[in-house]
Every structure is written in structure tokens, then in C-alpha cells.
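Structure file query-v5.cif (mmCIF, C-alpha atoms) follows.
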```cif
data_structure
#
loop_
_atom_site.label_atom_id
_atom_site.label_comp_id
_atom_site.auth_asym_id
_atom_site.auth_seq_id
_atom_site.Cartn_x
_atom_site.Cartn_y
_atom_site.Cartn_z
CA MET A 245 -33.27 31.69 -26.75
CA PRO A 246 -29.75 31.13 -28.16
CA LYS A 247 -28.26 31.78 -24.72
CA LEU A 248 -30.50 29.19 -23.06
CA TRP A 249 -29.62 26.72 -25.77
CA ASN A 250 -25.89 27.26 -25.11
CA GLU A 251 -26.36 26.80 -21.40
CA THR A 252 -28.16 23.55 -22.01
CA ILE A 253 -25.31 22.33 -24.21
CA GLU A 254 -22.77 23.40 -21.59
CA GLU A 255 -24.70 21.55 -18.90
CA HIS A 256 -24.98 18.47 -21.08
CA ARG A 257 -21.20 18.49 -21.69
CA ARG A 258 -20.47 18.78 -18.00
CA ALA A 259 -22.82 15.88 -17.25
CA VAL A 260 -21.18 13.66 -19.91
CA ARG A 261 -17.74 14.55 -18.59
CA GLU A 262 -18.74 13.74 -15.01
CA THR A 263 -20.25 10.43 -16.06
CA VAL A 264 -17.10 9.48 -17.97
CA LEU A 265 -14.85 10.38 -15.01
CA GLU A 266 -16.90 8.45 -12.49
CA THR A 267 -17.39 5.41 -14.74
CA THR A 268 -13.68 5.23 -15.55
CA ALA A 269 -12.66 5.57 -11.90
CA VAL A 270 -14.93 2.68 -10.96
CA LEU A 271 -13.73 0.49 -13.86
CA VAL A 272 -10.04 1.19 -13.15
CA THR A 273 -10.47 0.53 -9.43
CA GLU A 274 -12.23 -2.76 -10.13
CA ARG A 275 -10.09 -4.09 -12.99
CA GLY A 276 -6.78 -2.25 -12.96
CA LEU A 277 -5.55 0.45 -15.35
CA ARG A 278 -4.34 -1.88 -18.11
CA SER A 279 -7.59 -3.81 -18.41
CA VAL A 280 -9.79 -0.80 -19.17
CA THR A 281 -10.26 0.30 -22.80
CA MET A 282 -11.86 3.41 -24.32
CA SER A 283 -14.54 1.15 -25.87
CA LYS A 284 -15.48 -0.27 -22.49
CA ILE A 285 -15.64 3.23 -20.97
CA ALA A 286 -17.90 4.45 -23.80
CA GLU A 287 -20.16 1.43 -23.39
CA GLU A 288 -20.48 1.75 -19.61
CA SER A 289 -20.98 5.52 -19.83
CA GLY A 290 -23.79 5.04 -22.35
CA ILE A 291 -22.20 7.18 -25.09
CA GLY A 292 -20.66 6.41 -28.46
CA ARG A 293 -16.95 5.72 -28.80
CA ALA A 294 -16.51 8.63 -31.25
CA THR A 295 -18.17 10.96 -28.75
CA LEU A 296 -15.85 9.80 -25.96
CA TYR A 297 -12.82 10.66 -28.12
CA LYS A 298 -14.16 14.22 -28.48
CA TYR A 299 -13.74 14.56 -24.71
CA PHE A 300 -10.56 12.61 -23.96
CA PRO A 301 -7.72 11.11 -26.06
CA ASP A 302 -7.04 8.09 -23.80
CA VAL A 303 -7.71 6.32 -20.48
CA GLU A 304 -4.73 7.97 -18.78
CA SER A 305 -6.02 11.47 -19.51
CA ILE A 306 -9.43 10.53 -18.07
CA MET A 307 -7.82 9.27 -14.88
CA THR A 308 -5.68 12.40 -14.60
CA ALA A 309 -8.79 14.60 -15.01
CA TRP A 310 -10.58 12.49 -12.39
CA HIS A 311 -7.62 12.85 -10.01
CA GLU A 312 -7.53 16.63 -10.51
CA GLU A 313 -11.18 16.79 -9.46
CA GLN A 314 -10.49 14.58 -6.44
CA ILE A 315 -7.64 16.83 -5.32
CA ALA A 316 -9.69 19.99 -5.85
CA GLY A 317 -12.44 18.42 -3.72
CA HIS A 318 -9.95 17.56 -0.96
CA LEU A 319 -8.57 21.09 -0.94
CA ARG A 320 -12.11 22.49 -0.64
CA VAL A 321 -12.78 20.25 2.39
CA LEU A 322 -9.51 21.29 4.05
CA ALA A 323 -10.24 24.97 3.39
CA ALA A 324 -13.72 24.61 4.92
CA LEU A 325 -12.19 23.08 8.07
CA ARG A 326 -9.60 25.85 8.25
CA ASP A 327 -12.33 28.50 7.98
CA GLY A 328 -14.59 26.75 10.52
CA PRO A 329 -15.24 27.67 14.17
CA GLY A 330 -12.71 27.31 17.00
CA GLY A 331 -9.19 28.48 17.80
CA ALA A 332 -6.20 28.04 15.48
CA GLY A 333 -5.10 24.90 17.38
CA GLU A 334 -8.46 23.17 17.02
CA ARG A 335 -8.84 24.07 13.35
CA LEU A 336 -5.29 22.91 12.63
CA ARG A 337 -6.02 19.56 14.27
CA ALA A 338 -9.21 19.19 12.17
CA VAL A 339 -7.28 19.97 8.97
CA LEU A 340 -4.42 17.57 9.81
CA GLU A 341 -6.85 14.80 10.68
CA ALA A 342 -8.76 15.19 7.42
CA TYR A 343 -5.47 15.23 5.51
CA ALA A 344 -4.30 12.04 7.27
CA PHE A 345 -7.50 10.22 6.29
CA ILE A 346 -7.06 11.35 2.68
CA GLN A 347 -3.53 9.89 2.79
CA GLN A 348 -4.84 6.62 4.16
CA ARG A 349 -7.48 6.28 1.42
CA ARG A 350 -5.06 7.35 -1.27
CA HIS A 351 -2.86 4.38 -0.42
CA GLY A 352 -5.73 2.24 -1.76
CA HIS A 353 -4.89 3.36 -5.33
CA GLY A 354 -2.26 0.62 -5.58
CA PRO A 355 1.25 1.13 -6.99
CA GLU A 356 0.40 1.13 -10.73
CA LEU A 357 -2.35 3.73 -10.54
CA GLY A 358 -0.46 5.65 -7.83
CA ALA A 359 2.54 6.02 -10.15
CA LEU A 360 0.37 7.31 -13.01
CA LEU A 361 -1.57 9.78 -10.89
CA HIS A 362 1.36 11.16 -8.93
CA GLN A 363 3.67 11.89 -11.83
CA GLY A 364 1.38 14.67 -13.07
CA GLU A 365 2.18 18.37 -12.74
CA HIS A 366 -1.19 18.94 -11.07
CA VAL A 367 0.05 16.94 -8.06
CA ALA A 368 3.17 19.08 -7.56
CA GLY A 369 0.91 22.15 -7.76
CA ALA A 370 -1.52 20.72 -5.21
CA GLU A 371 1.33 19.83 -2.85
CA GLN A 372 2.69 23.37 -2.99
CA HIS A 373 -0.80 24.75 -2.42
CA LEU A 374 -1.25 22.49 0.61
CA HIS A 375 2.16 23.40 2.02
CA ARG A 376 1.36 27.14 1.77
CA PHE A 377 -2.06 26.51 3.26
CA LEU A 378 -0.62 24.70 6.31
CA ARG A 379 2.16 27.25 6.68
CA GLU A 380 -0.39 30.04 7.06
CA LEU A 381 -2.46 28.11 9.58
CA LEU A 382 0.69 27.22 11.56
CA ALA A 383 1.80 30.88 11.56
CA GLU A 384 -1.60 31.82 12.94
CA GLY A 385 -1.23 29.13 15.63
CA ALA A 386 2.25 30.36 16.58
CA GLN A 387 0.83 33.87 17.09
CA SER A 388 -2.02 32.61 19.27
CA GLY A 389 0.41 30.48 21.32
CA ASP A 390 -1.12 27.14 20.22
CA ILE A 391 1.94 26.19 18.15
CA ARG A 392 5.66 26.31 18.96
CA ASP A 393 7.45 29.42 17.69
CA ASP A 394 11.03 28.12 17.88
CA VAL A 395 10.70 26.47 14.45
CA SER A 396 9.42 28.30 11.34
CA PRO A 397 5.88 27.57 10.06
CA ASP A 398 7.53 26.58 6.78
CA GLU A 399 9.58 23.78 8.38
CA LEU A 400 6.66 22.71 10.57
CA ALA A 401 4.47 22.35 7.45
CA THR A 402 7.13 20.09 5.88
CA TYR A 403 7.21 18.02 9.08
CA CYS A 404 3.39 17.68 9.15
CA LEU A 405 3.07 16.56 5.53
CA HIS A 406 5.78 13.90 5.92
CA ALA A 407 4.66 12.64 9.33
CA LEU A 408 1.03 12.31 8.17
CA ALA A 409 2.07 10.39 5.05
CA ALA A 410 2.59 7.56 7.57
CA ALA A 411 -1.22 7.21 7.53
CA GLY A 412 -0.83 5.29 4.26
CA ALA A 413 0.91 2.50 6.22
CA LEU A 414 -1.68 2.35 9.02
CA PRO A 415 -4.47 -0.24 9.10
CA SER A 416 -7.28 1.52 11.02
CA LYS A 417 -9.01 4.85 11.66
CA ALA A 418 -7.99 4.57 15.33
CA ALA A 419 -4.33 4.28 14.34
CA VAL A 420 -4.68 7.39 12.14
CA HIS A 421 -6.18 9.28 15.10
CA ARG A 422 -3.18 8.32 17.21
CA LEU A 423 -0.77 9.38 14.46
CA VAL A 424 -2.44 12.81 14.33
CA THR A 425 -2.17 13.10 18.13
CA VAL A 426 1.56 12.29 18.05
CA THR A 427 2.16 14.69 15.13
CA VAL A 428 0.23 17.50 16.84
CA THR A 429 2.22 16.89 20.07
CA GLY A 430 5.35 17.63 18.03
CA LEU A 431 3.85 21.01 17.08
CA GLY A 432 3.08 22.01 20.66
CA PRO A 433 4.66 25.09 22.23
CA ALA A 434 8.07 24.36 23.82
CA THR A 435 7.64 23.47 27.50
CA GLY A 436 10.11 23.37 30.37
CA MET B 280 51.03 -22.41 1.74
CA PRO B 281 47.84 -23.10 -0.27
CA LYS B 282 45.76 -21.53 2.48
CA LEU B 283 47.85 -18.36 2.48
CA TRP B 284 47.68 -18.25 -1.29
CA ASN B 285 43.86 -18.51 -1.14
CA GLU B 286 43.68 -15.77 1.43
CA THR B 287 45.77 -13.53 -0.77
CA ILE B 288 43.45 -14.17 -3.70
CA GLU B 289 40.43 -13.52 -1.53
CA GLU B 290 41.93 -10.25 -0.33
CA HIS B 291 42.78 -9.25 -3.87
CA ARG B 292 39.21 -9.92 -5.00
CA ARG B 293 37.79 -7.85 -2.17
CA ALA B 294 40.15 -5.00 -3.04
CA VAL B 295 39.15 -5.08 -6.74
CA ARG B 296 35.48 -5.17 -5.81
CA GLU B 297 35.84 -2.20 -3.45
CA THR B 298 37.75 -0.22 -6.08
CA VAL B 299 35.06 -0.92 -8.69
CA LEU B 300 32.25 0.09 -6.30
CA GLU B 301 33.91 3.34 -5.27
CA THR B 302 34.98 4.25 -8.80
CA THR B 303 31.49 3.61 -10.19
CA ALA B 304 29.79 5.59 -7.43
CA VAL B 305 32.03 8.59 -8.16
CA LEU B 306 31.51 8.33 -11.93
CA VAL B 307 27.72 7.99 -11.64
CA THR B 308 27.49 10.88 -9.18
CA GLU B 309 29.54 13.10 -11.48
CA ARG B 310 28.05 12.14 -14.85
CA GLY B 311 24.68 10.48 -14.25
CA LEU B 312 23.76 6.82 -14.56
CA ARG B 313 23.22 6.76 -18.35
CA SER B 314 26.58 8.30 -19.19
CA VAL B 315 28.70 5.66 -17.45
CA THR B 316 29.78 2.55 -19.39
CA MET B 317 31.43 -0.68 -18.25
CA SER B 318 34.49 0.26 -20.37
CA LYS B 319 34.84 3.56 -18.57
CA ILE B 320 34.54 1.87 -15.17
CA ALA B 321 37.20 -0.71 -16.11
CA GLU B 322 39.53 2.04 -17.33
CA GLU B 323 39.11 4.23 -14.23
CA SER B 324 39.43 1.22 -11.90
CA GLY B 325 42.69 0.19 -13.59
CA ILE B 326 41.48 -3.29 -14.56
CA GLY B 327 40.65 -4.99 -17.86
CA ARG B 328 37.12 -4.93 -19.25
CA ALA B 329 36.96 -8.76 -19.28
CA THR B 330 37.99 -8.84 -15.62
CA LEU B 331 35.27 -6.35 -14.70
CA TYR B 332 32.63 -8.60 -16.31
CA LYS B 333 33.81 -11.47 -14.07
CA TYR B 334 32.70 -9.36 -11.11
CA PHE B 335 29.54 -7.62 -12.37
CA PRO B 336 27.23 -8.00 -15.39
CA ASP B 337 26.34 -4.29 -15.75
CA VAL B 338 26.49 -0.79 -14.27
CA GLU B 339 23.14 -1.19 -12.47
CA SER B 340 24.34 -4.24 -10.56
CA ILE B 341 27.48 -2.37 -9.47
CA MET B 342 25.38 0.53 -8.17
CA THR B 343 23.04 -1.88 -6.34
CA ALA B 344 26.05 -3.60 -4.70
CA TRP B 345 27.45 -0.18 -3.75
CA HIS B 346 24.09 0.84 -2.28
CA GLU B 347 23.85 -2.39 -0.26
CA GLU B 348 27.23 -1.59 1.29
CA GLN B 349 26.13 1.98 2.04
CA ILE B 350 22.99 0.76 3.79
CA ALA B 351 24.91 -1.88 5.77
CA GLY B 352 27.32 0.87 6.88
CA HIS B 353 24.42 3.13 7.95
CA LEU B 354 22.82 0.33 9.95
CA ARG B 355 26.15 -0.32 11.72
CA VAL B 356 26.40 3.37 12.68
CA LEU B 357 22.81 3.42 13.99
CA ALA B 358 23.41 0.20 15.98
CA ALA B 359 26.56 1.69 17.54
CA LEU B 360 24.57 4.78 18.64
CA ARG B 361 21.82 2.58 20.06
CA ASP B 362 24.37 0.56 22.05
CA GLY B 363 26.23 3.68 23.24
CA PRO B 364 26.14 5.30 26.69
CA GLY B 365 23.15 7.22 28.13
CA GLY B 366 19.47 6.59 28.81
CA ALA B 367 17.00 5.25 26.23
CA GLY B 368 15.78 8.81 25.47
CA GLU B 369 19.26 10.14 24.72
CA ARG B 370 20.23 7.15 22.61
CA LEU B 371 16.96 7.34 20.68
CA ARG B 372 17.62 11.00 19.91
CA ALA B 373 21.14 10.15 18.68
CA VAL B 374 19.78 7.38 16.43
CA LEU B 375 17.00 9.59 15.00
CA GLU B 376 19.40 12.44 14.34
CA ALA B 377 21.85 10.18 12.50
CA TYR B 378 18.97 8.71 10.48
CA ALA B 379 17.71 12.19 9.56
CA PHE B 380 21.16 13.19 8.25
CA ILE B 381 21.31 9.99 6.18
CA GLN B 382 17.93 10.95 4.68
CA GLN B 383 19.18 14.43 3.87
CA ARG B 384 22.30 13.13 2.09
CA ARG B 385 20.34 10.41 0.31
CA HIS B 386 18.23 13.09 -1.34
CA GLY B 387 21.41 14.06 -3.22
CA HIS B 388 21.14 10.87 -5.34
CA GLY B 389 18.76 12.64 -7.71
CA PRO B 390 15.53 11.13 -9.05
CA GLU B 391 17.03 8.80 -11.72
CA LEU B 392 19.55 7.11 -9.43
CA GLY B 393 17.10 7.20 -6.52
CA ALA B 394 14.54 5.26 -8.56
CA LEU B 395 17.10 2.60 -9.50
CA LEU B 396 18.49 2.19 -5.99
CA HIS B 397 15.19 2.18 -4.16
CA GLN B 398 13.40 -0.40 -6.27
CA GLY B 399 15.72 -3.17 -5.03
CA GLU B 400 14.65 -5.85 -2.57
CA HIS B 401 17.60 -4.98 -0.35
CA VAL B 402 15.95 -1.61 0.41
CA ALA B 403 12.68 -3.18 1.58
CA GLY B 404 14.74 -5.50 3.79
CA ALA B 405 16.73 -2.60 5.24
CA GLU B 406 13.54 -0.61 5.91
CA GLN B 407 12.01 -3.52 7.81
CA HIS B 408 15.23 -3.97 9.76
CA LEU B 409 15.27 -0.27 10.67
CA HIS B 410 11.61 -0.30 11.69
CA ARG B 411 12.18 -3.27 14.02
CA PHE B 412 15.32 -1.63 15.37
CA LEU B 413 13.45 1.62 16.22
CA ARG B 414 10.47 -0.28 17.62
CA GLU B 415 12.73 -2.02 20.16
CA LEU B 416 14.41 1.21 21.19
CA LEU B 417 11.01 2.94 21.52
CA ALA B 418 9.68 0.05 23.66
CA GLU B 419 12.70 0.43 25.92
CA GLY B 420 12.03 4.18 26.14
CA ALA B 421 8.35 3.59 26.98
CA GLN B 422 9.40 1.33 29.85
CA SER B 423 11.87 3.88 31.21
CA GLY B 424 9.26 6.66 30.94
CA ASP B 425 11.18 8.64 28.28
CA ILE B 426 8.63 7.83 25.57
CA ARG B 427 4.83 8.02 25.55
CA ASP B 428 3.11 4.70 26.25
CA ASP B 429 -0.36 5.57 24.90
CA VAL B 430 0.71 4.67 21.33
CA SER B 431 2.43 1.38 20.42
CA PRO B 432 6.19 1.37 19.65
CA ASP B 433 5.25 -0.07 16.25
CA GLU B 434 3.12 2.96 15.29
CA LEU B 435 5.65 5.37 16.79
CA ALA B 436 8.40 3.81 14.64
CA THR B 437 6.23 4.35 11.51
CA TYR B 438 5.70 7.98 12.58
CA CYS B 439 9.45 8.54 13.13
CA LEU B 440 10.51 7.12 9.76
CA HIS B 441 7.97 9.23 7.86
CA ALA B 442 8.52 12.44 9.82
CA LEU B 443 12.31 12.22 9.42
CA ALA B 444 12.01 11.62 5.67
CA ALA B 445 11.22 15.37 5.65
CA ALA B 446 14.98 15.88 6.10
CA GLY B 447 15.33 15.23 2.35
CA ALA B 448 13.44 18.50 1.73
CA LEU B 449 15.48 20.58 4.19
CA PRO B 450 18.36 22.80 3.13
CA SER B 451 20.65 22.88 6.21
CA LYS B 452 21.99 20.84 9.12
CA ALA B 453 20.36 23.32 11.51
CA ALA B 454 16.96 22.67 9.90
CA VAL B 455 17.48 18.90 10.30
CA HIS B 456 18.31 19.43 14.00
CA ARG B 457 15.03 21.32 14.41
CA LEU B 458 13.10 18.58 12.57
CA VAL B 459 14.53 15.98 14.97
CA THR B 460 13.55 18.16 17.95
CA VAL B 461 9.96 18.47 16.69
CA THR B 462 9.76 14.72 15.92
CA VAL B 463 11.13 13.80 19.36
CA THR B 464 8.65 16.20 21.00
CA GLY B 465 5.90 14.10 19.38
CA LEU B 466 7.30 11.00 21.10
CA GLY B 467 7.36 12.57 24.57
CA PRO B 468 5.29 11.08 27.41
CA ALA B 469 1.70 12.40 27.51
CA THR B 470 1.45 15.43 29.82
CA GLY B 471 -1.51 17.13 31.43
#
```
Do you think you could lay out the structure here as C-alpha cells?
Amino acid sequence: MPKLWNETIEEHRRAVRETVLETTAVLVTERGLRSVTMSKIAEESGIGRATLYKYFPDVESIMTAWHEEQIAGHLRVLAALRDGPGGAGERLRAVLEAYAFIQQRRHGHGPELGALLHQGEHVAGAEQHLHRFLRELLAEGAQSGDIRDDVSPDELATYCLHALAAAGALPSKAAVHRLVTVTVTGLGPATG
Amino acid sequence: MPKLWNETIEEHRRAVRETVLETTAVLVTERGLRSVTMSKIAEESGIGRATLYKYFPDVESIMTAWHEEQIAGHLRVLAALRDGPGGAGERLRAVLEAYAFIQQRRHGHGPELGALLHQGEHVAGAEQHLHRFLRELLAEGAQSGDIRDDVSPDELATYCLHALAAAGALPSKAAVHRLVTVTVTGLGPATG
């Protein structure tokens, strides 16, 4: 009985936390970071203000927690594509395309929220993780002959991440597709 | 006589301005932005403090003026390479390589100075200028068959500028050369 009770409490806490994260993300996206207060978040989440403060000290920390979950979700999607069917070249293209679309959406954060979210340590960690992740996939592609082997997987990963950041400046899904095609062409095995 | 006298004054002013810009750039690079005062700049430039204030109101404005001159110099170098000998493909490669080396050196500014310099309006103007500049060269290359024509010169210019920003993360000239090779491969005419 005590164990079940604890599990129920744990589940309840997770649910409250999720509700707070989602509610805050919606409010901040609609109104801007500076216009959202802890009181408003408590009200919209359907919990008391004192309860909210037991979970988070301020709006910034809620948005950082929300962003950490977003990034973790993105990394799970990219890992699933990497581990999917097909040759290294195909899987790499799928991963790069998904990453480019994430970059395009991310641009929608706006400069104020972007600056808050991207100063956190969790972002540097995620970027390193992603770089390592791509490096491994590129090394696999170089071995299978899908990817050029005259440049190290490490440098190619750096190239990919920068080139695909251009997606943030592109207006349409079709343009992002073309960007991925151009970027992948750069990775191709040396011809001639 | 008055005209000559005016020209001498004008020349003198330009010389003082240049000395102040160079002196400040060296001091800020050596000591960091926050450690450099107007008094120190006047002393090292060999002019009075009151005279210095006739030219610039503060250290930030001196660094912005210095940066504007740096950018103007870079754009002149890139324009000379564009207007040099060779086909569109060769000249594009020369321009992209020079731009990549500028990006690599620029990374040496450090985050504090980088943030100051890159918030200015002059940087947005220079970036637009560079984008237009590359777009024209890429359009020329598409016409001559050196560059792919299945993606617009506008989107290819956005790709180039982002991909080459990776040079800031690269440790050696050789690595920058390889980055340019990979980026240029992406621009190649569609094969197959």
C-alpha cells in the first residue's frame, strides 16, 4: 500500500510539472517572456501560486526546463532516424533533414526567448551530443562509401551543423529540402 | 593657401583618427574591453584626453568605428577577388576561401567583444551587402555551368554564409581549406 501511494504521488507530481511546462510555453509564445508572471502561470495551470513555487522559483527556470525537454525529445527523434532502416547515406539524410526542420522551427522563438534559452549549459551539452552523434554516423558513411573520406567525420559534422543552421533563414519547407540536398552534396564521395 | 591649409588639417584629423583606432584595437585585444579607459587610449595615442573626446564619446564607439573600417577592408578584398582573372567558378572559390579565413580570424575577438561589435547596424548592412555580392557571383556561375542551377543563387548564398561560419570552430588553415572544398562541392552542378 505505501508503495502504491508513493507511485501515485510521483505520477501526480509529473503531471503537474508537465502541465506547468506546457502552459508556460504557450503563454510565453503568445505574450512574450516579460509579460508572463508566476501568478498567471499558476492560474492557467489550475494550481495555487504557493504550489507552483514548490516546483519552480521563476518563469525563466520553467522555460529552461521546458527547453530541456524539447531538446531531449529532438535527440530521441534523431536517434530513432539514425537507428531506422536503410543504408548509412539514407539514414544520414533523414537525420539531417529532421535537424534542419528543427532549426527552422527554433527560429520562431524570437530573439528575446532565443537568447534566454540558448545561454543555458544544457544547450552546450546538447550541441556536443549532436556533434558526436553526427560524427559517428558520418564515420559509418565514410566506411560504406556513401560519404567522402578525404575530410574527417569531425570536420564534416561541424560543416553540417553550420550549413543546416541556414534553415532558420529560409521561408518554406521546400527551401529547407533544397538546403539539405545542397549540404548532402557537399558530403558526397570525391569524384573525378 | 586656405585650401592647402584645410587639406593639411583634414589629413591631420584622419591621421589622429587612424592612430586612435589602431591603438584602441591593440589595447582592447590585449586587455579586454572593460579594462581600457579613454585616458589610457589618449596616453597611448600620444594625444590629450580632451582632444580624444572631440573625436569619440567612448571606448565602444571607437571599437565600432574600428570594426566598420575592418569590414570595409574585407569587402574591398572580396570585391578584388571577384573582379580578378579566371572563370566564375575559380573566382567564387577565391572569394569563399577569403571569407572563410575572415570568419576564422573573427572568432579571435572573444565573446565579449564579439557581442559588442556584432550588435551594430553596420554589421547587418555588411551581411546584406555580402549576401547580394555572393548571389550575383553564384548567378554568374549558374549561367556558365560552374554552379548548380536547381537551387536559386539566393538560397545558395545563404547556404555558403552559414556553412563557412564553421571556420570559426576550426583550428587550422588546412581545416579551413577542407571546409571550403566541402562547401564548394555542395554548389557543384547536379550530376547523375
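When only C-alpha atoms are used to compute distances to A:Asp394, the closest of the residues A:Leu431, A:Leu325, A:Ala411, A:Leu374 turns out to be A:Leu431.
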Could you pull the residues within 9 Å of stretch 371-378 of chain B, counting all atoms listed in the file, minus those fewer than 3 positions along the same chain, as a PyMOL selection string?
chain B and resi 353+356-361+366-368+381-383+413+416-417+420+439-440+443-444+455-456+458-460+462-463
Counting all atoms listed in the file, which residues of chain A fall within 7 Å of chain B, and what is the closest atom pair for each with its distance in Å at one decimal, ordered by chain and rising number, as JSON lines?
```
{"residue": "A:Val395", "atom": "CA", "partner": "B:Arg457", "partner_atom": "CA", "distance": 6.7}
{"residue": "A:Thr402", "atom": "CA", "partner": "B:Ala445", "partner_atom": "CA", "distance": 6.2}
{"residue": "A:Tyr403", "atom": "CA", "partner": "B:Ala442", "partner_atom": "CA", "distance": 5.8}
{"residue": "A:His406", "atom": "CA", "partner": "B:Ala442", "partner_atom": "CA", "distance": 5.0}
{"residue": "A:Ala407", "atom": "CA", "partner": "B:Ala442", "partner_atom": "CA", "distance": 3.9}
{"residue": "A:Ala409", "atom": "CA", "partner": "B:His441", "partner_atom": "CA", "distance": 6.6}
{"residue": "A:Ala410", "atom": "CA", "partner": "B:His441", "partner_atom": "CA", "distance": 5.6}
{"residue": "A:Arg422", "atom": "CA", "partner": "B:Val430", "partner_atom": "CA", "distance": 6.7}
{"residue": "A:Leu423", "atom": "CA", "partner": "B:Tyr438", "partner_atom": "CA", "distance": 6.9}
{"residue": "A:Val426", "atom": "CA", "partner": "B:Gly465", "partner_atom": "CA", "distance": 4.9}
{"residue": "A:Thr427", "atom": "CA", "partner": "B:Gly465", "partner_atom": "CA", "distance": 5.7}
{"residue": "A:Thr429", "atom": "CA", "partner": "B:Gly465", "partner_atom": "CA", "distance": 4.7}
{"residue": "A:Gly430", "atom": "CA", "partner": "B:Gly465", "partner_atom": "CA", "distance": 3.8}
{"residue": "A:Leu431", "atom": "CA", "partner": "B:Val461", "partner_atom": "CA", "distance": 6.6}
```
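If you look at atom CA of B:Thr287 and atom CA of B:Arg328, they are 22.1 Å away from each other.
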Kindly give the distance, in Å, that separates atom CA of A:Glu380 and atom CA of A:His366, rounded to a single decimal.
21.3 Å
Quick one: distance from atom CA of B:Arg384 to atom CA of B:Gly399 in Å, one decimal?
19.0 Å
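Of the residues listed (B:Leu395, B:Ala403, B:Leu300, B:Ala351), B:Leu395 shows the shortest atom-to-atom separation from B:Glu339; distances use all atoms listed in the file.
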